[in-house]
Each structure stands twice: as C-alpha cells, then as structure tokens.
file target11.pdb (PDB, C-alpha atoms (C1' of nucleotides))
MODEL        1
ATOM      1  CA  MET D   1       5.122 -19.882   1.273  1.00  0.00           C
ATOM      2  CA  THR D   2       7.299 -19.052   4.241  1.00  0.00           C
ATOM      3  CA  ILE D   3       6.003 -18.950   7.812  1.00  0.00           C
ATOM      4  CA  ILE D   4       7.419 -16.300  10.058  1.00  0.00           C
ATOM      5  CA  GLY D   5       7.698 -15.239  13.667  1.00  0.00           C
ATOM      6  CA  ILE D   6       7.750 -11.658  14.847  1.00  0.00           C
ATOM      7  CA  PRO D   7      11.270 -10.151  14.725  1.00  0.00           C
ATOM      8  CA  ALA D   8      12.995  -9.632  18.065  1.00  0.00           C
ATOM      9  CA  GLY D   9      12.950  -5.999  19.102  1.00  0.00           C
ATOM     10  CA  TRP D  10       9.992  -5.209  16.884  1.00  0.00           C
ATOM     11  CA  PRO D  11       7.800  -2.616  18.618  1.00  0.00           C
ATOM     12  CA  ALA D  12       4.688  -4.060  20.222  1.00  0.00           C
ATOM     13  CA  ASP D  13       3.002  -0.847  21.292  1.00  0.00           C
ATOM     14  CA  GLU D  14       2.306   2.571  19.860  1.00  0.00           C
ATOM     15  CA  GLY D  15       4.894   4.412  21.889  1.00  0.00           C
ATOM     16  CA  ALA D  16       7.736   2.098  20.906  1.00  0.00           C
ATOM     17  CA  ALA D  17       6.614   2.197  17.288  1.00  0.00           C
ATOM     18  CA  ARG D  18       6.771   5.991  17.200  1.00  0.00           C
ATOM     19  CA  ASP D  19      10.330   5.845  18.536  1.00  0.00           C
ATOM     20  CA  VAL D  20      11.372   3.313  15.907  1.00  0.00           C
ATOM     21  CA  GLN D  21       9.663   5.392  13.231  1.00  0.00           C
ATOM     22  CA  ARG D  22      11.624   8.450  14.280  1.00  0.00           C
ATOM     23  CA  GLU D  23      14.910   6.548  14.149  1.00  0.00           C
ATOM     24  CA  LEU D  24      14.211   5.045  10.741  1.00  0.00           C
ATOM     25  CA  ARG D  25      13.172   8.458   9.451  1.00  0.00           C
ATOM     26  CA  GLU D  26      16.732   9.688   9.903  1.00  0.00           C
ATOM     27  CA  ARG D  27      17.930   7.177   7.338  1.00  0.00           C
ATOM     28  CA  LEU D  28      15.464   8.297   4.672  1.00  0.00           C
ATOM     29  CA  VAL D  29      17.132   9.329   1.412  1.00  0.00           C
ATOM     30  CA  LEU D  30      15.426  11.887  -0.820  1.00  0.00           C
ATOM     31  CA  GLY D  31      16.804  13.596  -3.876  1.00  0.00           C
ATOM     32  CA  GLU D  32      17.784  10.539  -5.887  1.00  0.00           C
ATOM     33  CA  SER D  33      15.899  10.135  -9.154  1.00  0.00           C
ATOM     34  CA  GLY D  34      15.634   6.356  -8.777  1.00  0.00           C
ATOM     35  CA  PRO D  35      15.453   3.550 -11.322  1.00  0.00           C
ATOM     36  CA  PRO D  36      14.406   4.573 -14.861  1.00  0.00           C
ATOM     37  CA  PRO D  37      10.682   3.956 -15.427  1.00  0.00           C
ATOM     38  CA  GLY D  38      10.033   1.026 -17.741  1.00  0.00           C
ATOM     39  CA  GLU D  39      13.358  -0.718 -17.125  1.00  0.00           C
ATOM     40  CA  GLY D  40      14.416  -3.605 -14.914  1.00  0.00           C
ATOM     41  CA  HIS D  41      12.111  -5.031 -12.245  1.00  0.00           C
ATOM     42  CA  VAL D  42       9.258  -3.622 -10.200  1.00  0.00           C
ATOM     43  CA  THR D  43       7.866  -5.473  -7.182  1.00  0.00           C
ATOM     44  CA  GLY D  44       4.335  -5.181  -5.886  1.00  0.00           C
ATOM     45  CA  LEU D  45       3.686  -5.727  -2.164  1.00  0.00           C
ATOM     46  CA  ASP D  46       0.421  -6.274  -0.353  1.00  0.00           C
ATOM     47  CA  VAL D  47      -1.040  -7.841   2.783  1.00  0.00           C
ATOM     48  CA  ALA D  48      -4.329  -9.515   3.736  1.00  0.00           C
ATOM     49  CA  TYR D  49      -5.645 -10.013   7.256  1.00  0.00           C
ATOM     50  CA  ASP D  50      -7.748 -12.404   9.285  1.00  0.00           C
ATOM     51  CA  ASP D  51      -7.909 -10.678  12.643  1.00  0.00           C
ATOM     52  CA  GLU D  52     -10.327 -13.330  13.931  1.00  0.00           C
ATOM     53  CA  ARG D  53      -7.706 -16.033  13.529  1.00  0.00           C
ATOM     54  CA  ASP D  54      -4.793 -13.680  14.099  1.00  0.00           C
ATOM     55  CA  LEU D  55      -3.401 -14.391  10.636  1.00  0.00           C
ATOM     56  CA  VAL D  56      -1.652 -12.121   8.176  1.00  0.00           C
ATOM     57  CA  ALA D  57      -0.468 -13.057   4.690  1.00  0.00           C
ATOM     58  CA  ALA D  58       1.890 -10.983   2.543  1.00  0.00           C
ATOM     59  CA  ALA D  59       2.775 -11.242  -1.117  1.00  0.00           C
ATOM     60  CA  ALA D  60       5.660  -9.944  -3.203  1.00  0.00           C
ATOM     61  CA  VAL D  61       5.304 -10.122  -6.974  1.00  0.00           C
ATOM     62  CA  VAL D  62       8.205  -9.191  -9.236  1.00  0.00           C
ATOM     63  CA  LEU D  63       7.267  -7.881 -12.671  1.00  0.00           C
ATOM     64  CA  ASP D  64       9.327  -7.067 -15.726  1.00  0.00           C
ATOM     65  CA  ALA D  65       8.927  -3.288 -15.820  1.00  0.00           C
ATOM     66  CA  ARG D  66       8.762  -3.173 -19.602  1.00  0.00           C
ATOM     67  CA  THR D  67       6.385  -6.056 -20.388  1.00  0.00           C
ATOM     68  CA  LEU D  68       4.625  -6.231 -16.989  1.00  0.00           C
ATOM     69  CA  ASP D  69       5.052 -10.022 -17.123  1.00  0.00           C
ATOM     70  CA  VAL D  70       5.348 -11.810 -13.782  1.00  0.00           C
ATOM     71  CA  VAL D  71       8.955 -12.779 -13.084  1.00  0.00           C
ATOM     72  CA  GLU D  72       8.590 -14.276  -9.598  1.00  0.00           C
ATOM     73  CA  GLU D  73       6.128 -14.545  -6.715  1.00  0.00           C
ATOM     74  CA  ALA D  74       6.634 -15.120  -3.006  1.00  0.00           C
ATOM     75  CA  THR D  75       4.344 -15.203   0.018  1.00  0.00           C
ATOM     76  CA  ALA D  76       4.704 -15.294   3.782  1.00  0.00           C
ATOM     77  CA  VAL D  77       2.228 -15.959   6.562  1.00  0.00           C
ATOM     78  CA  GLY D  78       2.504 -14.837  10.163  1.00  0.00           C
ATOM     79  CA  ARG D  79       0.663 -13.614  13.216  1.00  0.00           C
ATOM     80  CA  VAL D  80      -0.828 -10.153  13.450  1.00  0.00           C
ATOM     81  CA  SER D  81       1.657  -8.252  15.600  1.00  0.00           C
ATOM     82  CA  PHE D  82       0.232  -4.741  15.646  1.00  0.00           C
ATOM     83  CA  PRO D  83      -3.209  -3.103  15.497  1.00  0.00           C
ATOM     84  CA  TYR D  84      -4.218  -0.715  12.742  1.00  0.00           C
ATOM     85  CA  VAL D  85      -3.318   2.762  13.893  1.00  0.00           C
ATOM     86  CA  PRO D  86      -3.503   5.544  11.278  1.00  0.00           C
ATOM     87  CA  GLY D  87       0.050   6.758  10.852  1.00  0.00           C
ATOM     88  CA  LEU D  88       1.546   3.481  12.061  1.00  0.00           C
ATOM     89  CA  LEU D  89       0.320   1.145   9.338  1.00  0.00           C
ATOM     90  CA  ALA D  90       3.908   0.131   8.605  1.00  0.00           C
ATOM     91  CA  PHE D  91       4.231  -1.692  11.911  1.00  0.00           C
ATOM     92  CA  ARG D  92       1.266  -3.870  11.088  1.00  0.00           C
ATOM     93  CA  GLU D  93       2.505  -4.864   7.641  1.00  0.00           C
ATOM     94  CA  ILE D  94       6.287  -4.875   7.664  1.00  0.00           C
ATOM     95  CA  PRO D  95       7.295  -8.129   9.409  1.00  0.00           C
ATOM     96  CA  THR D  96       5.356 -10.317   6.996  1.00  0.00           C
ATOM     97  CA  VAL D  97       6.147  -8.205   3.937  1.00  0.00           C
ATOM     98  CA  LEU D  98       9.880  -8.417   4.690  1.00  0.00           C
ATOM     99  CA  ALA D  99       9.584 -12.194   4.952  1.00  0.00           C
ATOM    100  CA  ALA D 100       7.913 -12.387   1.538  1.00  0.00           C
ATOM    101  CA  LEU D 101      10.534 -10.069   0.054  1.00  0.00           C
ATOM    102  CA  GLY D 102      13.277 -12.169   1.584  1.00  0.00           C
ATOM    103  CA  ALA D 103      11.921 -15.280  -0.101  1.00  0.00           C
ATOM    104  CA  LEU D 104      12.486 -13.790  -3.550  1.00  0.00           C
ATOM    105  CA  THR D 105      15.490 -14.869  -5.593  1.00  0.00           C
ATOM    106  CA  ALA D 106      15.100 -12.226  -8.323  1.00  0.00           C
ATOM    107  CA  ASP D 107      16.236  -8.630  -7.917  1.00  0.00           C
ATOM    108  CA  PRO D 108      13.113  -6.771  -6.697  1.00  0.00           C
ATOM    109  CA  GLY D 109      14.073  -3.486  -8.338  1.00  0.00           C
ATOM    110  CA  LEU D 110      11.618  -0.755  -7.339  1.00  0.00           C
ATOM    111  CA  LEU D 111       9.268  -1.585  -4.439  1.00  0.00           C
ATOM    112  CA  VAL D 112       5.687  -0.502  -5.073  1.00  0.00           C
ATOM    113  CA  CYS D 113       3.724  -0.339  -1.822  1.00  0.00           C
ATOM    114  CA  ASP D 114       0.041  -0.103  -1.004  1.00  0.00           C
ATOM    115  CA  GLY D 115      -0.107   3.114   0.997  1.00  0.00           C
ATOM    116  CA  TYR D 116       1.909   6.260   1.480  1.00  0.00           C
ATOM    117  CA  GLY D 117       5.550   7.275   1.736  1.00  0.00           C
ATOM    118  CA  LEU D 118       6.346  10.957   2.265  1.00  0.00           C
ATOM    119  CA  ALA D 119       2.667  11.851   2.221  1.00  0.00           C
ATOM    120  CA  HIS D 120       2.282  10.960   5.885  1.00  0.00           C
ATOM    121  CA  PRO D 121       1.582  12.988   9.028  1.00  0.00           C
ATOM    122  CA  ARG D 122       5.257  12.634  10.028  1.00  0.00           C
ATOM    123  CA  ARG D 123       6.512  12.349   6.427  1.00  0.00           C
ATOM    124  CA  PHE D 124       7.339   8.662   6.832  1.00  0.00           C
ATOM    125  CA  GLY D 125       4.726   6.146   5.783  1.00  0.00           C
ATOM    126  CA  LEU D 126       4.770   2.456   4.933  1.00  0.00           C
ATOM    127  CA  ALA D 127       6.647   2.851   1.634  1.00  0.00           C
ATOM    128  CA  SER D 128       9.418   4.822   3.337  1.00  0.00           C
ATOM    129  CA  HIS D 129       9.819   2.238   6.106  1.00  0.00           C
ATOM    130  CA  LEU D 130      10.159  -0.554   3.553  1.00  0.00           C
ATOM    131  CA  GLY D 131      12.613   1.448   1.479  1.00  0.00           C
ATOM    132  CA  VAL D 132      14.847   2.294   4.406  1.00  0.00           C
ATOM    133  CA  LEU D 133      14.732  -1.199   5.925  1.00  0.00           C
ATOM    134  CA  THR D 134      15.692  -2.847   2.626  1.00  0.00           C
ATOM    135  CA  GLY D 135      17.877  -0.034   1.321  1.00  0.00           C
ATOM    136  CA  ARG D 136      15.906  -0.192  -1.912  1.00  0.00           C
ATOM    137  CA  PRO D 137      14.061   2.441  -3.923  1.00  0.00           C
ATOM    138  CA  SER D 138      10.383   2.483  -3.033  1.00  0.00           C
ATOM    139  CA  ILE D 139       7.194   4.377  -3.783  1.00  0.00           C
ATOM    140  CA  GLY D 140       3.727   4.378  -2.262  1.00  0.00           C
ATOM    141  CA  VAL D 141       0.543   4.195  -4.313  1.00  0.00           C
ATOM    142  CA  ALA D 142      -2.544   4.559  -2.130  1.00  0.00           C
ATOM    143  CA  LYS D 143      -6.152   4.038  -3.142  1.00  0.00           C
ATOM    144  CA  ASN D 144      -7.598   6.531  -0.678  1.00  0.00           C
ATOM    145  CA  PRO D 145      -6.591  10.030   0.391  1.00  0.00           C
ATOM    146  CA  PHE D 146      -5.093  10.137   3.864  1.00  0.00           C
ATOM    147  CA  THR D 147      -5.125  13.461   5.671  1.00  0.00           C
ATOM    148  CA  PHE D 148      -4.279  15.619   2.706  1.00  0.00           C
ATOM    149  CA  THR D 149      -6.336  18.115   0.797  1.00  0.00           C
ATOM    150  CA  TYR D 150      -5.916  18.547  -2.931  1.00  0.00           C
ATOM    151  CA  GLU D 151      -7.581  19.974  -5.991  1.00  0.00           C
ATOM    152  CA  GLN D 152      -9.232  17.508  -8.327  1.00  0.00           C
ATOM    153  CA  PRO D 153      -6.819  16.665 -11.163  1.00  0.00           C
ATOM    154  CA  GLY D 154      -7.963  16.957 -14.806  1.00  0.00           C
ATOM    155  CA  ASP D 155      -9.930  14.094 -16.323  1.00  0.00           C
ATOM    156  CA  ALA D 156      -7.228  12.788 -18.649  1.00  0.00           C
ATOM    157  CA  ARG D 157      -4.908   9.910 -17.872  1.00  0.00           C
ATOM    158  CA  GLY D 158      -1.696  11.388 -16.505  1.00  0.00           C
ATOM    159  CA  ASP D 159      -3.323  14.519 -15.082  1.00  0.00           C
ATOM    160  CA  PHE D 160      -2.395  15.169 -11.482  1.00  0.00           C
ATOM    161  CA  ALA D 161      -2.746  17.579  -8.598  1.00  0.00           C
ATOM    162  CA  PRO D 162      -0.285  18.051  -5.736  1.00  0.00           C
ATOM    163  CA  LEU D 163      -0.973  16.751  -2.239  1.00  0.00           C
ATOM    164  CA  LEU D 164       0.022  19.690  -0.091  1.00  0.00           C
ATOM    165  CA  ALA D 165       1.235  19.775   3.502  1.00  0.00           C
ATOM    166  CA  ASP D 166       2.584  23.003   4.946  1.00  0.00           C
ATOM    167  CA  GLY D 167       2.727  24.346   1.395  1.00  0.00           C
ATOM    168  CA  GLU D 168       5.004  21.492   0.310  1.00  0.00           C
ATOM    169  CA  GLU D 169       4.177  18.949  -2.369  1.00  0.00           C
ATOM    170  CA  VAL D 170       4.407  15.652  -0.505  1.00  0.00           C
ATOM    171  CA  GLY D 171       2.673  13.553  -3.150  1.00  0.00           C
ATOM    172  CA  ARG D 172       0.240  13.682  -6.052  1.00  0.00           C
ATOM    173  CA  ALA D 173      -3.305  12.673  -6.804  1.00  0.00           C
ATOM    174  CA  LEU D 174      -2.631  11.004 -10.151  1.00  0.00           C
ATOM    175  CA  ARG D 175      -5.269  10.075 -12.720  1.00  0.00           C
ATOM    176  CA  THR D 176      -4.203   6.695 -14.116  1.00  0.00           C
ATOM    177  CA  GLN D 177      -7.378   6.220 -16.177  1.00  0.00           C
ATOM    178  CA  ALA D 178      -9.518   8.867 -17.818  1.00  0.00           C
ATOM    179  CA  GLY D 179     -12.570   9.777 -15.781  1.00  0.00           C
ATOM    180  CA  VAL D 180     -11.689   7.405 -12.931  1.00  0.00           C
ATOM    181  CA  LYS D 181     -10.868   8.348  -9.346  1.00  0.00           C
ATOM    182  CA  PRO D 182      -7.144   9.127  -8.992  1.00  0.00           C
ATOM    183  CA  VAL D 183      -4.563   7.156  -7.005  1.00  0.00           C
ATOM    184  CA  TYR D 184      -2.350   8.880  -4.473  1.00  0.00           C
ATOM    185  CA  VAL D 185       1.359   8.647  -5.213  1.00  0.00           C
ATOM    186  CA  SER D 186       4.209   9.573  -2.923  1.00  0.00           C
ATOM    187  CA  VAL D 187       7.917   8.965  -2.705  1.00  0.00           C
ATOM    188  CA  GLY D 188       9.127   6.205  -0.438  1.00  0.00           C
ATOM    189  CA  HIS D 189      12.938   6.151  -0.548  1.00  0.00           C
ATOM    190  CA  ARG D 190      15.586   7.022  -3.151  1.00  0.00           C
ATOM    191  CA  VAL D 191      13.082   7.981  -5.890  1.00  0.00           C
ATOM    192  CA  SER D 192      11.899  11.354  -7.165  1.00  0.00           C
ATOM    193  CA  LEU D 193       8.209  12.232  -7.209  1.00  0.00           C
ATOM    194  CA  ASP D 194       8.293  12.715 -10.986  1.00  0.00           C
ATOM    195  CA  ASN D 195       9.664   9.213 -11.437  1.00  0.00           C
ATOM    196  CA  ALA D 196       7.267   7.755  -8.879  1.00  0.00           C
ATOM    197  CA  CYS D 197       4.393   9.086 -10.994  1.00  0.00           C
ATOM    198  CA  ALA D 198       6.005   7.956 -14.252  1.00  0.00           C
ATOM    199  CA  HIS D 199       6.374   4.429 -12.838  1.00  0.00           C
ATOM    200  CA  THR D 200       2.799   4.454 -11.606  1.00  0.00           C
ATOM    201  CA  LEU D 201       1.454   5.434 -15.017  1.00  0.00           C
ATOM    202  CA  LEU D 202       3.470   2.758 -16.804  1.00  0.00           C
ATOM    203  CA  LEU D 203       2.231   0.203 -14.293  1.00  0.00           C
ATOM    204  CA  SER D 204      -1.405   1.182 -14.854  1.00  0.00           C
ATOM    205  CA  PRO D 205      -2.012   0.794 -18.605  1.00  0.00           C
ATOM    206  CA  ARG D 206      -5.523  -0.534 -18.194  1.00  0.00           C
ATOM    207  CA  TYR D 207      -6.835  -0.208 -14.648  1.00  0.00           C
ATOM    208  CA  ARG D 208      -6.831   2.451 -11.969  1.00  0.00           C
ATOM    209  CA  VAL D 209      -4.513   0.499  -9.692  1.00  0.00           C
ATOM    210  CA  PRO D 210      -1.000  -0.534 -10.835  1.00  0.00           C
ATOM    211  CA  GLU D 211      -0.506  -4.101 -12.061  1.00  0.00           C
ATOM    212  CA  THR D 212       1.989  -4.640  -9.250  1.00  0.00           C
ATOM    213  CA  THR D 213      -0.647  -4.040  -6.594  1.00  0.00           C
ATOM    214  CA  ARG D 214      -3.261  -6.026  -8.469  1.00  0.00           C
ATOM    215  CA  HIS D 215      -1.019  -9.073  -8.620  1.00  0.00           C
ATOM    216  CA  ALA D 216       0.146  -8.738  -5.016  1.00  0.00           C
ATOM    217  CA  ASP D 217      -3.424  -8.211  -3.801  1.00  0.00           C
ATOM    218  CA  SER D 218      -4.804 -11.365  -5.382  1.00  0.00           C
ATOM    219  CA  LEU D 219      -1.776 -13.405  -4.347  1.00  0.00           C
ATOM    220  CA  CYS D 220      -1.862 -12.456  -0.665  1.00  0.00           C
ATOM    221  CA  ARG D 221      -5.596 -13.186  -0.539  1.00  0.00           C
ATOM    222  CA  ARG D 222      -4.941 -16.645  -1.950  1.00  0.00           C
ATOM    223  CA  ALA D 223      -2.117 -17.182   0.536  1.00  0.00           C
ATOM    224  CA  LEU D 224      -4.398 -16.154   3.389  1.00  0.00           C
ATOM    225  CA  LYS D 225      -7.089 -18.605   2.305  1.00  0.00           C
ATOM    226  CA  GLU D 226      -4.556 -21.410   2.094  1.00  0.00           C
ATOM    227  CA  ALA D 227      -3.356 -20.627   5.585  1.00  0.00           C
ATOM    228  CA  GLN D 228      -6.938 -20.534   6.878  1.00  0.00           C
ATOM    229  CA  GLY D 229      -7.639 -23.831   5.195  1.00  0.00           C
ATOM    230  CA  SER D 230      -4.597 -25.536   6.652  1.00  0.00           C
ATOM    231  CA  LEU D 231      -5.777 -24.548  10.121  1.00  0.00           C
ATOM    232  CA  GLY D 232      -9.209 -26.040   9.595  1.00  0.00           C
ATOM    233  CA  SER D 233     -12.442 -24.087   9.478  1.00  0.00           C
ATOM    234  CA  VAL D 234     -15.322 -23.832  11.940  1.00  0.00           C
TER     235      VAL D 234
ATOM    236  C1'  DG U   1     -10.806  17.870  23.944  1.00  0.00           C
ATOM    237  C1'  DC U   2     -12.991  15.588  19.621  1.00  0.00           C
ATOM    238  C1'  DG U   3     -13.020  13.779  15.139  1.00  0.00           C
ATOM    239  C1'  DA U   4     -10.620  12.022  11.057  1.00  0.00           C
ATOM    240  C1'  DC U   5      -7.560   8.999   9.304  1.00  0.00           C
ATOM    241  C1'  DA U   6      -3.232   4.685   4.262  1.00  0.00           C
ATOM    242  C1'  DG U   7      -4.479  -0.767   5.052  1.00  0.00           C
TER     243       DG U   7
ATOM    244  C1'  DA S   1      -8.383  -4.222   5.675  1.00  0.00           C
ATOM    245  C1'  DT S   2     -13.072  -6.860   6.031  1.00  0.00           C
ATOM    246  C1'  DC S   3     -18.228  -7.858   6.088  1.00  0.00           C
ATOM    247  C1'  DT S   4     -21.417  -9.009   1.412  1.00  0.00           C
ATOM    248  C1'  DT S   5     -26.076  -9.710  -3.516  1.00  0.00           C
ATOM    249  C1'  DG S   6     -27.029  -8.523  -7.283  1.00  0.00           C
ATOM    250  C1'  DT S   7     -26.091  -6.187 -11.375  1.00  0.00           C
ATOM    251  C1'  DC S   8     -24.421  -3.741 -15.469  1.00  0.00           C
ATOM    252  C1'  DG S   9     -21.121  -4.367 -19.231  1.00  0.00           C
ATOM    253  C1'  DC S  10     -17.295  -6.058 -22.353  1.00  0.00           C
TER     254       DC S  10
ENDMDL
END
call {"tool": "encode", "arguments": {"input": "target11.pdb", "output": "structure tokens"}}
result
Amino acid sequence: MTIIGIPAGWPADEGAARDVQRELRERLVLGESGPPPGEGHVTGLDVAYDDERDLVAAAAVVLDARTLDVVEEATAVGRVSFPYVPGLLAFREIPTVLAALGALTADPGLLVCDGYGLAHPRRFGLASHLGVLTGRPSIGVAKNPFTFTYEQPGDARGDFAPLLADGEEVGRALRTQAGVKPVYVSVGHRVSLDNACAHTLLLSPRYRVPETTRHADSLCRRALKEAQGSLGSV
DNA sequence: GCGACAG
DNA sequence: ATCTTGTCGC
C-alpha cells in the first residue's frame, strides 16, 4: 500500500474544481474505438471512505481481459481532500486513485471506473478525468442513474437503452444479467460507446457489476480497514 | 428559487 | 459512499 499526500495545485474548492474540469475537458479524445474487447488488460478502480477519520483508500486491480484472472493489485491511502458534490465526484476520488494506479507495474490497459464519463452534466465525469490525466482509454460503469432519463432496456443480457441528453446518446443503460437492474455505461476517453458496452458485457459474465469493479471494491474496503486498524480504534 | 443528483 | 439484522437461496 502506498500513502499519499494531496497533489500541489489540486483544487480545494468547488469553484477551482470547475475551472480545472473545464481545462481537462479540452483534452478529451472521442472517436477512437479503443482497445479490442477481450484482449490485453483491464483495470478496475474504486475508492472507500471514512469521513469520520478523514481517510480514503483506493484500489487498482489489473485483470487479464480474456480470462478475468487477477494480474496485479495495488492500493493507496490518503486524506479526504474534497467533499462529495454531484458533478464533481472526480475531485474526491482522483488523487488516491492515481496513486494506486501509479503503484502498478503491469500495463493497466483499459481503465474501468465506478461512475460516469460522457454521461455527465458537463459531459466530463470521473472516467473522463482519469482517462485524460493518464492518457489511457477509460470507460465509466455506474450502478445508479445520474440525471438522465431513459427507457427501460429489454430483459435479456445485452439489451440496452440510450441515455439521452439534448437528443444525444451520451451513454447506455445496459442489462448485464437477465432480469436484473441495468448498469449505466458511458465513454471515458479514447473508447467508443459500442466498445465500452462490449467490454462491460465481457466483464460481467455472472454478476450485474463487472468483475473489475467487484475486485476493486473489495480490495479498497480491505485497504481502508487496514488503515483504520493501524491508526487504532476507539 | 428549489430539488435532484455518480460515489 | 456509509449506517446495519435477518433472511432467502445456491
């Protein structure tokens, strides 16, 4: 586990964060198809919080995209540097997530984030921030709808319905398991929406949520508990 | 102006 | 995200 400080120049308030978001948005690359689904590596990212103790733990788990076997894991623990503000989630998660990513030795391949990319009020969510900041292809797979309306997709695995904003398809509600609530997929950086959905389906052979997120979720929770333990409990 | 709103 | 018991099911 690596322990981090907050990066110099990282926005500390909402106004500064919106400025940074706008600047990063200009470096967003759309229109690339991205890595072929089922090949190379895919990396799941997730974060757990203890606001009481001002602790945040992030995990990055690299999987073999074909077998879904774990290739490498890394974690990082830091201080909470930003409150949860809808639309600015990235600023709460990114410092620690980047530290965990930086601790990896394997090629991360496609970054699979917990949250949205293009499907965001300003078309630039967490997955897009992480893609742009690392230069890597990224997608967002969220467990809850944000501010988008959509038709219910069909009941079969693979059925989907567009998430619409201003008449544009900014993401998809994608059924990864028959008869189970869909996940919400959007493009982060340098990946097409079709491929983002194809990746998501391949990563979810058995459960609603992709294996990448499942691994990252359990790992960051463990990392948080370790950090809590090493600080003593009340 | 007020409410809703990824994690 | 997080707070939380039991419970149904493979």
call {"tool": "resolve_selection", "arguments": {"input": "target11.pdb", "expression": "the PyMOL selection byres ((chain D) within 9 of (chain S))", "output": "ChimeraX atom specification"}}
result
/D:47-50,84
call {"tool": "interface_residues", "arguments": {"input": "target11.pdb", "of": "chain U", "to": "chain D", "cutoff": "9 Å", "atoms": "all atoms listed in the file", "output": "PyMOL selection string"}}
result
chain U and resi 4-7
call {"tool": "residues_around", "arguments": {"input": "target11.pdb", "residues": "Thr75 in chain D", "least_positions_apart": "6", "cutoff": "12 Å", "atoms": "only C-alpha atoms (C1' of nucleotides)", "output": "PDB file with C-alpha atoms, in the coordinates of the input"}}
result
ATOM      1  CA  MET D   1       5.122 -19.882   1.273  1.00  0.00           C
ATOM      2  CA  THR D   2       7.299 -19.052   4.241  1.00  0.00           C
ATOM      3  CA  ILE D   3       6.003 -18.950   7.812  1.00  0.00           C
ATOM      4  CA  ILE D   4       7.419 -16.300  10.058  1.00  0.00           C
ATOM      5  CA  GLY D  44       4.335  -5.181  -5.886  1.00  0.00           C
ATOM      6  CA  LEU D  45       3.686  -5.727  -2.164  1.00  0.00           C
ATOM      7  CA  ASP D  46       0.421  -6.274  -0.353  1.00  0.00           C
ATOM      8  CA  VAL D  47      -1.040  -7.841   2.783  1.00  0.00           C
ATOM      9  CA  ALA D  48      -4.329  -9.515   3.736  1.00  0.00           C
ATOM     10  CA  VAL D  56      -1.652 -12.121   8.176  1.00  0.00           C
ATOM     11  CA  ALA D  57      -0.468 -13.057   4.690  1.00  0.00           C
ATOM     12  CA  ALA D  58       1.890 -10.983   2.543  1.00  0.00           C
ATOM     13  CA  ALA D  59       2.775 -11.242  -1.117  1.00  0.00           C
ATOM     14  CA  ALA D  60       5.660  -9.944  -3.203  1.00  0.00           C
ATOM     15  CA  VAL D  61       5.304 -10.122  -6.974  1.00  0.00           C
ATOM     16  CA  VAL D  62       8.205  -9.191  -9.236  1.00  0.00           C
ATOM     17  CA  THR D  96       5.356 -10.317   6.996  1.00  0.00           C
ATOM     18  CA  VAL D  97       6.147  -8.205   3.937  1.00  0.00           C
ATOM     19  CA  LEU D  98       9.880  -8.417   4.690  1.00  0.00           C
ATOM     20  CA  ALA D  99       9.584 -12.194   4.952  1.00  0.00           C
ATOM     21  CA  ALA D 100       7.913 -12.387   1.538  1.00  0.00           C
ATOM     22  CA  LEU D 101      10.534 -10.069   0.054  1.00  0.00           C
ATOM     23  CA  GLY D 102      13.277 -12.169   1.584  1.00  0.00           C
ATOM     24  CA  ALA D 103      11.921 -15.280  -0.101  1.00  0.00           C
ATOM     25  CA  LEU D 104      12.486 -13.790  -3.550  1.00  0.00           C
ATOM     26  CA  HIS D 215      -1.019  -9.073  -8.620  1.00  0.00           C
ATOM     27  CA  ALA D 216       0.146  -8.738  -5.016  1.00  0.00           C
ATOM     28  CA  ASP D 217      -3.424  -8.211  -3.801  1.00  0.00           C
ATOM     29  CA  SER D 218      -4.804 -11.365  -5.382  1.00  0.00           C
ATOM     30  CA  LEU D 219      -1.776 -13.405  -4.347  1.00  0.00           C
ATOM     31  CA  CYS D 220      -1.862 -12.456  -0.665  1.00  0.00           C
ATOM     32  CA  ARG D 221      -5.596 -13.186  -0.539  1.00  0.00           C
ATOM     33  CA  ARG D 222      -4.941 -16.645  -1.950  1.00  0.00           C
ATOM     34  CA  ALA D 223      -2.117 -17.182   0.536  1.00  0.00           C
ATOM     35  CA  LEU D 224      -4.398 -16.154   3.389  1.00  0.00           C
ATOM     36  CA  GLU D 226      -4.556 -21.410   2.094  1.00  0.00           C
ATOM     37  CA  ALA D 227      -3.356 -20.627   5.585  1.00  0.00           C
TER      38      ALA D 227
END
call {"tool": "atom_distance", "arguments": {"input": "target11.pdb", "atom1": "CA of Asp64 in chain D", "atom2": "CA of Thr200 in chain D"}}
result
13.9 Å
call {"tool": "residues_near_point", "arguments": {"input": "target11.pdb", "point": "(3.0, 12.1, -15.3)", "cutoff": "8 Å", "atoms": "all atoms listed in the file", "output": "PyMOL selection string"}}
result
chain D and resi 158-160+174+194+197-198+201
call {"tool": "resolve_selection", "arguments": {"input": "target11.pdb", "expression": "the PyMOL selection byres ((chain D and resi 33) around 6)", "output": "ChimeraX atom specification"}}
result
/D:32,34,191-192
call {"tool": "atom_distance", "arguments": {"input": "target11.pdb", "atom1": "CA of Leu110 in chain D", "atom2": "CA of Glu26 in chain D"}}
result
20.8 Å
call {"tool": "atom_distance", "arguments": {"input": "target11.pdb", "atom1": "CA of Gly154 in chain D", "atom2": "CA of Ala127 in chain D"}}
result
26.1 Å
call {"tool": "closest_residue", "arguments": {"input": "target11.pdb", "among": "D:Val29, D:Cys113, D:Leu68, D:Leu193", "to": "Arg206 in chain D", "atoms": "all atoms listed in the file"}}
result
D:Leu68
call {"tool": "closest_residue", "arguments": {"input": "target11.pdb", "among": "D:Tyr207, D:Thr149, D:Val112, D:Thr67", "to": "Val185 in chain D", "atoms": "all atoms listed in the file"}}
result
D:Val112
call {"tool": "closest_residue", "arguments": {"input": "target11.pdb", "among": "D:Val209, D:Leu203, D:Gly179, D:Arg122", "to": "Gln21 in chain D", "atoms": "only C-alpha atoms"}}
result
D:Arg122
